[in-house]
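In what follows, a single structure is set out as structure tokens and then discussed.
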Amino acid sequence: MFSTPADMFSSPSECEEIRVYFDKGANILSIIAIHSTKLGPAIGGCRYLNYSSFQEALNDAEKLAKSMSYKAALANVDFGGGKSVIIKQPSNQDPKQTFKKFGMFVDSLKGRYVTAIDSGTTTSHMKIISKSTPFVAGIKGINPSYFTALGVFRAMCAAVKHKFGATSLRGIRIAIQGAGNVGYFLSHLLYQDKASIYIADTDASKSLKIAQDFSAHIISPKEVISLPCEIFSPCALGGEINKTSVSLLKANIIAGAANNQLENEEIAEILAEKEILYCPDYLINSGGLIYVANLYKGENIKNVKNKVYQLHDAVSDILKISQIKKQTPLRISNNLAEKKLRK
Ligand code: NAI
């Protein structure tokens, strides 16, 4: 285990600390990026994915660690932001050994970083990690994606109230990109509220399940971004709203779970010019974090659910301030998070 020499990085990092763990014998290469511990230990998921290079994995960890800091700051969970990645090897990698050793890597930071589930990791992986370290959240309880979906749902309610004065999502057309964990739970909540759901996934079996369970209309992944509707909800990958795709949007509101939805902050300005209300991703997708972080601290489930419910008011406030100050909701959220992180 070693700290990475500074010359491995092409540009100065915004992170407080970056650690790399390399174990040739076990074929493990892993990175922990701690963006900020100002508000508490850095919390953030562990990704177990294929990366084309070390640099790509490092960029991913750094960028996501920063958004975790912002997310945790606005979610008031008394945690900072971090992220880890384990580079998935095409062969000769024993997952049990990998996660056991990753647990030791996490433990070496003595609680400055708390890990959790992310893309490519499961509760079983977290259980293996927990044999080597206590600094792991989300081993018990239900799938955090439910709470992420609940937070996005509450944000949608706040957004339609702000934009249209509507008190429910009844009859509101919502196009969801991604029928995975969040997409499924979100569709369920929208169905209960009698919204009109349009679902797209590159895996047709997943959109079919949502169509069957929640009377959703299936649309193609290519068309979902340009569907005329009230809300477009990105719940698949990041970076989907960019200079090219922004011109295709016909929705009035964007509210989804995907991290880093906008290619850059300039896109938020373009959306505002088009009078499309963008609910910042890290503000509204924090339900899973609120759940995992509070359960880790020993909070009871009823209080946790209430905290996720309160995302409605947090979003409402940001949208109101944005209107008064004539700045995008993203700028207002960034300012608020940065102020908390500076204190
Ligand atoms: P998931 O992996 O379960 O679902 C993503 C779905 O998107 C998959 O079904 C996949 O087939 C589909 N997909 C991929 N590319 C697509 C495309 N071009 N068009 C349509 N569908 C496409 O992921 P999950 O857990 O539902 O998360 C969704 C997003 O929300 C991810 O970006 C994740 O990072 C983010 N997020 C998730 C949280 C959680 O609690 N699960 C918390 C915060 C953020």
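Order determines the names: the first chain of the structure tokens is A, the second B, and so forth; residues in each chain are numbered 1 upward, and ligands are numbered 1 upward as they are shown.
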Find the residues around A:Asn92 up to 9 Å (only C-alpha atoms counted), leave out those fewer than 3 positions away in its own chain, and share them as number ranges by chain. A: 26-27, 89
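Neighbouring residues of ligand 1 at a cut-off of 6 Å, counting only C-alpha atoms and all ligand atoms, are A:Pro144, A:Ser145, A:Thr148, A:Gln177, A:Gly178, A:Ala179, A:Gly180, A:Asn181, A:Val182, A:Gly183, A:Ala200, A:Asp201, A:Thr202, A:Asp203, A:Pro221, A:Cys235, A:Ala236, A:Leu237, A:Gly238, A:Ala257, A:Ala258, A:Asn259, A:Asn285, A:Gly288.
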Have a look at atom CA of A:Ala137 and atom CA of A:Ser187 and let me know their distance in Å, one decimal. 26.2 Å
Sorted by chain and rising residue number, which residues of stretch 46-112 of chain A lie within 7 Å of stretch 319-343 of chain A, and what are their closest atom pairs and distances in Å to one decimal, counting only C-alpha atoms, as CSV?
residue,atom,partner,partner_atom,distance
A:Tyr70,CA,A:Ala337,CA,5.3
A:Ala73,CA,A:Ala337,CA,5.6
A:Leu74,CA,A:Ala337,CA,5.9
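Near A:Ile225, within 9 Å and counting only C-alpha atoms, sit Ala175, Ile176, Gln177, Phe232, Ser233, Pro234, Glu240, Ile241, Ser245, Val246, Leu248, Leu249, Lys250 and Ala251 of chain A; same-chain residues fewer than 6 positions away were not included.
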Produce a file of the selected residues containing all heavy atoms, as an mmCIF file, in the first residue's frame.
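So the final result, stored in out_10.cif, reads:
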data_model
loop_
_atom_site.group_PDB
_atom_site.id
_atom_site.type_symbol
_atom_site.label_atom_id
_atom_site.label_comp_id
_atom_site.auth_asym_id
_atom_site.auth_seq_id
_atom_site.Cartn_x
_atom_site.Cartn_y
_atom_site.Cartn_z
ATOM 1 N N ALA A 175 -40.696 11.395 -18.974
ATOM 2 C CA ALA A 175 -39.895 10.482 -19.802
ATOM 3 C C ALA A 175 -38.655 10.077 -19.016
ATOM 4 O O ALA A 175 -37.814 10.918 -18.705
ATOM 5 C CB ALA A 175 -39.499 11.187 -21.099
ATOM 6 N N ILE A 176 -38.576 8.786 -18.686
ATOM 7 C CA ILE A 176 -37.449 8.297 -17.882
ATOM 8 C C ILE A 176 -36.442 7.583 -18.779
ATOM 9 O O ILE A 176 -36.796 6.654 -19.516
ATOM 10 C CB ILE A 176 -37.921 7.318 -16.779
ATOM 11 C CG1 ILE A 176 -39.032 7.960 -15.927
ATOM 12 C CG2 ILE A 176 -36.755 6.891 -15.896
ATOM 13 C CD1 ILE A 176 -39.649 7.021 -14.895
ATOM 14 N N GLN A 177 -35.204 8.032 -18.697
ATOM 15 C CA GLN A 177 -34.121 7.386 -19.445
ATOM 16 C C GLN A 177 -33.386 6.455 -18.483
ATOM 17 O O GLN A 177 -32.667 6.921 -17.604
ATOM 18 C CB GLN A 177 -33.170 8.467 -19.975
ATOM 19 C CG GLN A 177 -31.995 7.934 -20.776
ATOM 20 C CD GLN A 177 -31.048 9.060 -21.141
ATOM 21 O OE1 GLN A 177 -30.681 9.864 -20.299
ATOM 22 N NE2 GLN A 177 -30.637 9.116 -22.394
ATOM 23 N N PHE A 232 -38.241 15.467 -18.174
ATOM 24 C CA PHE A 232 -37.277 14.481 -18.671
ATOM 25 C C PHE A 232 -36.441 14.054 -17.471
ATOM 26 O O PHE A 232 -35.914 14.893 -16.741
ATOM 27 C CB PHE A 232 -36.394 15.087 -19.773
ATOM 28 C CG PHE A 232 -35.238 14.203 -20.166
ATOM 29 C CD1 PHE A 232 -35.470 12.901 -20.620
ATOM 30 C CD2 PHE A 232 -33.928 14.653 -20.070
ATOM 31 C CE1 PHE A 232 -34.408 12.077 -20.972
ATOM 32 C CE2 PHE A 232 -32.864 13.837 -20.420
ATOM 33 C CZ PHE A 232 -33.103 12.543 -20.872
ATOM 34 N N SER A 233 -36.335 12.737 -17.261
ATOM 35 C CA SER A 233 -35.653 12.233 -16.067
ATOM 36 C C SER A 233 -34.488 11.309 -16.431
ATOM 37 O O SER A 233 -34.675 10.112 -16.673
ATOM 38 C CB SER A 233 -36.673 11.490 -15.196
ATOM 39 O OG SER A 233 -36.061 11.049 -14.011
ATOM 40 N N PRO A 234 -33.262 11.869 -16.474
ATOM 41 C CA PRO A 234 -32.107 11.016 -16.801
ATOM 42 C C PRO A 234 -31.755 10.105 -15.625
ATOM 43 O O PRO A 234 -31.353 10.585 -14.568
ATOM 44 C CB PRO A 234 -30.971 12.022 -17.064
ATOM 45 C CG PRO A 234 -31.605 13.387 -17.059
ATOM 46 C CD PRO A 234 -32.864 13.264 -16.257
ATOM 47 N N GLU A 240 -25.306 13.054 -20.434
ATOM 48 C CA GLU A 240 -26.276 12.887 -21.525
ATOM 49 C C GLU A 240 -26.737 14.231 -22.087
ATOM 50 O O GLU A 240 -27.199 14.309 -23.216
ATOM 51 C CB GLU A 240 -27.497 12.099 -21.035
ATOM 52 C CG GLU A 240 -27.244 10.618 -20.854
ATOM 53 C CD GLU A 240 -26.975 9.893 -22.168
ATOM 54 O OE1 GLU A 240 -27.824 9.970 -23.056
ATOM 55 O OE2 GLU A 240 -25.911 9.258 -22.296
ATOM 56 N N ILE A 241 -26.656 15.300 -21.283
ATOM 57 C CA ILE A 241 -27.112 16.606 -21.768
ATOM 58 C C ILE A 241 -25.872 17.430 -22.114
ATOM 59 O O ILE A 241 -25.140 17.899 -21.239
ATOM 60 C CB ILE A 241 -28.020 17.293 -20.731
ATOM 61 C CG1 ILE A 241 -29.160 16.323 -20.353
ATOM 62 C CG2 ILE A 241 -28.593 18.598 -21.285
ATOM 63 C CD1 ILE A 241 -29.980 16.739 -19.185
ATOM 64 N N SER A 245 -27.067 17.521 -27.640
ATOM 65 C CA SER A 245 -28.384 16.989 -27.252
ATOM 66 C C SER A 245 -29.302 18.053 -26.652
ATOM 67 O O SER A 245 -30.521 17.892 -26.661
ATOM 68 C CB SER A 245 -28.226 15.813 -26.288
ATOM 69 O OG SER A 245 -27.652 16.228 -25.083
ATOM 70 N N VAL A 246 -28.721 19.144 -26.140
ATOM 71 C CA VAL A 246 -29.551 20.156 -25.475
ATOM 72 C C VAL A 246 -30.600 20.748 -26.428
ATOM 73 O O VAL A 246 -31.708 21.095 -26.032
ATOM 74 C CB VAL A 246 -28.655 21.244 -24.815
ATOM 75 C CG1 VAL A 246 -28.033 22.171 -25.831
ATOM 76 C CG2 VAL A 246 -29.437 22.025 -23.772
ATOM 77 N N LEU A 248 -32.253 19.187 -28.572
ATOM 78 C CA LEU A 248 -33.334 18.218 -28.836
ATOM 79 C C LEU A 248 -34.421 18.244 -27.770
ATOM 80 O O LEU A 248 -35.546 17.793 -27.992
ATOM 81 C CB LEU A 248 -32.755 16.788 -28.885
ATOM 82 C CG LEU A 248 -31.657 16.501 -29.903
ATOM 83 C CD1 LEU A 248 -31.098 15.093 -29.705
ATOM 84 C CD2 LEU A 248 -32.230 16.630 -31.316
ATOM 85 N N LEU A 249 -34.079 18.764 -26.597
ATOM 86 C CA LEU A 249 -35.001 18.683 -25.460
ATOM 87 C C LEU A 249 -36.312 19.440 -25.683
ATOM 88 O O LEU A 249 -36.298 20.593 -26.105
ATOM 89 C CB LEU A 249 -34.317 19.249 -24.210
ATOM 90 C CG LEU A 249 -33.314 18.322 -23.516
ATOM 91 C CD1 LEU A 249 -32.383 19.124 -22.640
ATOM 92 C CD2 LEU A 249 -34.048 17.274 -22.693
ATOM 93 N N LYS A 250 -37.414 18.763 -25.346
ATOM 94 C CA LYS A 250 -38.718 19.440 -25.440
ATOM 95 C C LYS A 250 -39.422 19.465 -24.087
ATOM 96 O O LYS A 250 -40.562 19.908 -23.974
ATOM 97 C CB LYS A 250 -39.597 18.751 -26.478
ATOM 98 C CG LYS A 250 -39.029 18.854 -27.895
ATOM 99 C CD LYS A 250 -40.036 18.422 -28.939
ATOM 100 C CE LYS A 250 -39.401 18.368 -30.315
ATOM 101 N NZ LYS A 250 -38.527 17.194 -30.487
ATOM 102 N N ALA A 251 -38.744 18.955 -23.071
ATOM 103 C CA ALA A 251 -39.346 18.921 -21.725
ATOM 104 C C ALA A 251 -39.280 20.305 -21.085
ATOM 105 O O ALA A 251 -38.464 21.145 -21.471
ATOM 106 C CB ALA A 251 -38.604 17.913 -20.863
#
Check stretch 54-194 of chain A with DSSP on the backbone and list each residue it calls alpha helix (DSSP H), as a ChimeraX atom specification. /A:54-75,95-107,123-129,145-164,181-192
Export C-alpha atoms of the chosen residues as a compact mmCIF listing (two decimals), in the first residue's frame?
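Printed below is result_27.txt as written:
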# COMPACT_ATOMS: atom_id res chain seq x y z
CA PHE A 54 -5.45 4.25 -14.94
CA GLN A 55 -5.99 7.90 -15.89
CA GLU A 56 -9.62 7.27 -16.81
CA ALA A 57 -10.22 5.56 -13.46
CA LEU A 58 -8.46 8.37 -11.59
CA ASN A 59 -10.51 11.07 -13.38
CA ASP A 60 -13.70 9.19 -12.57
CA ALA A 61 -12.79 8.86 -8.88
CA GLU A 62 -11.76 12.54 -8.55
CA LYS A 63 -14.82 13.95 -10.35
CA LEU A 64 -17.24 11.76 -8.42
CA ALA A 65 -15.52 12.48 -5.08
CA LYS A 66 -16.05 16.20 -5.67
CA SER A 67 -19.74 15.77 -6.44
CA MET A 68 -20.06 13.60 -3.31
CA SER A 69 -18.68 16.52 -1.25
CA TYR A 70 -21.27 18.87 -2.74
CA LYS A 71 -24.05 16.31 -2.37
CA ALA A 72 -23.17 15.52 1.25
CA ALA A 73 -22.87 19.25 2.09
CA LEU A 74 -26.37 20.03 0.79
CA ALA A 75 -27.83 16.84 2.29
CA PRO A 95 -13.60 -11.01 -6.32
CA LYS A 96 -13.46 -12.38 -2.74
CA GLN A 97 -9.74 -11.70 -2.43
CA THR A 98 -10.16 -8.34 -4.21
CA PHE A 99 -12.83 -7.02 -1.83
CA LYS A 100 -11.07 -8.42 1.24
CA LYS A 101 -7.89 -6.56 0.27
CA PHE A 102 -9.87 -3.47 -0.71
CA GLY A 103 -11.35 -3.54 2.81
CA MET A 104 -7.80 -3.48 4.23
CA PHE A 105 -7.02 -0.55 1.94
CA VAL A 106 -10.06 1.35 3.26
CA ASP A 107 -9.08 0.44 6.82
CA THR A 123 -24.29 -5.74 -0.80
CA SER A 124 -22.35 -9.05 -0.93
CA HIS A 125 -19.19 -7.15 -1.84
CA MET A 126 -19.82 -4.75 1.09
CA LYS A 127 -20.16 -7.72 3.43
CA ILE A 128 -16.75 -9.04 2.35
CA ILE A 129 -15.26 -5.54 2.83
CA SER A 145 -31.90 3.11 -4.77
CA TYR A 146 -35.44 3.20 -3.36
CA PHE A 147 -34.51 6.29 -1.33
CA THR A 148 -32.73 7.85 -4.30
CA ALA A 149 -35.93 7.39 -6.30
CA LEU A 150 -38.02 8.80 -3.44
CA GLY A 151 -35.83 11.92 -3.33
CA VAL A 152 -36.09 12.40 -7.10
CA PHE A 153 -39.86 11.93 -6.87
CA ARG A 154 -40.10 14.58 -4.12
CA ALA A 155 -37.93 16.92 -6.21
CA MET A 156 -40.26 16.42 -9.19
CA CYS A 157 -43.21 17.38 -6.97
CA ALA A 158 -41.39 20.57 -5.92
CA ALA A 159 -40.47 21.37 -9.52
CA VAL A 160 -44.00 21.02 -10.95
CA LYS A 161 -45.34 23.14 -8.13
CA HIS A 162 -42.75 25.80 -8.90
CA LYS A 163 -43.19 25.68 -12.67
CA PHE A 164 -46.92 24.99 -13.08
CA ASN A 181 -32.76 0.28 -9.92
CA VAL A 182 -33.76 3.93 -9.63
CA GLY A 183 -35.87 3.93 -12.80
CA TYR A 184 -37.94 1.03 -11.45
CA PHE A 185 -38.61 2.47 -7.98
CA LEU A 186 -39.26 5.91 -9.45
CA SER A 187 -41.80 4.48 -11.92
CA HIS A 188 -43.58 2.82 -9.02
CA LEU A 189 -43.88 6.13 -7.11
CA LEU A 190 -45.02 7.96 -10.26
CA TYR A 191 -47.59 5.27 -11.00
CA GLN A 192 -49.01 5.68 -7.49
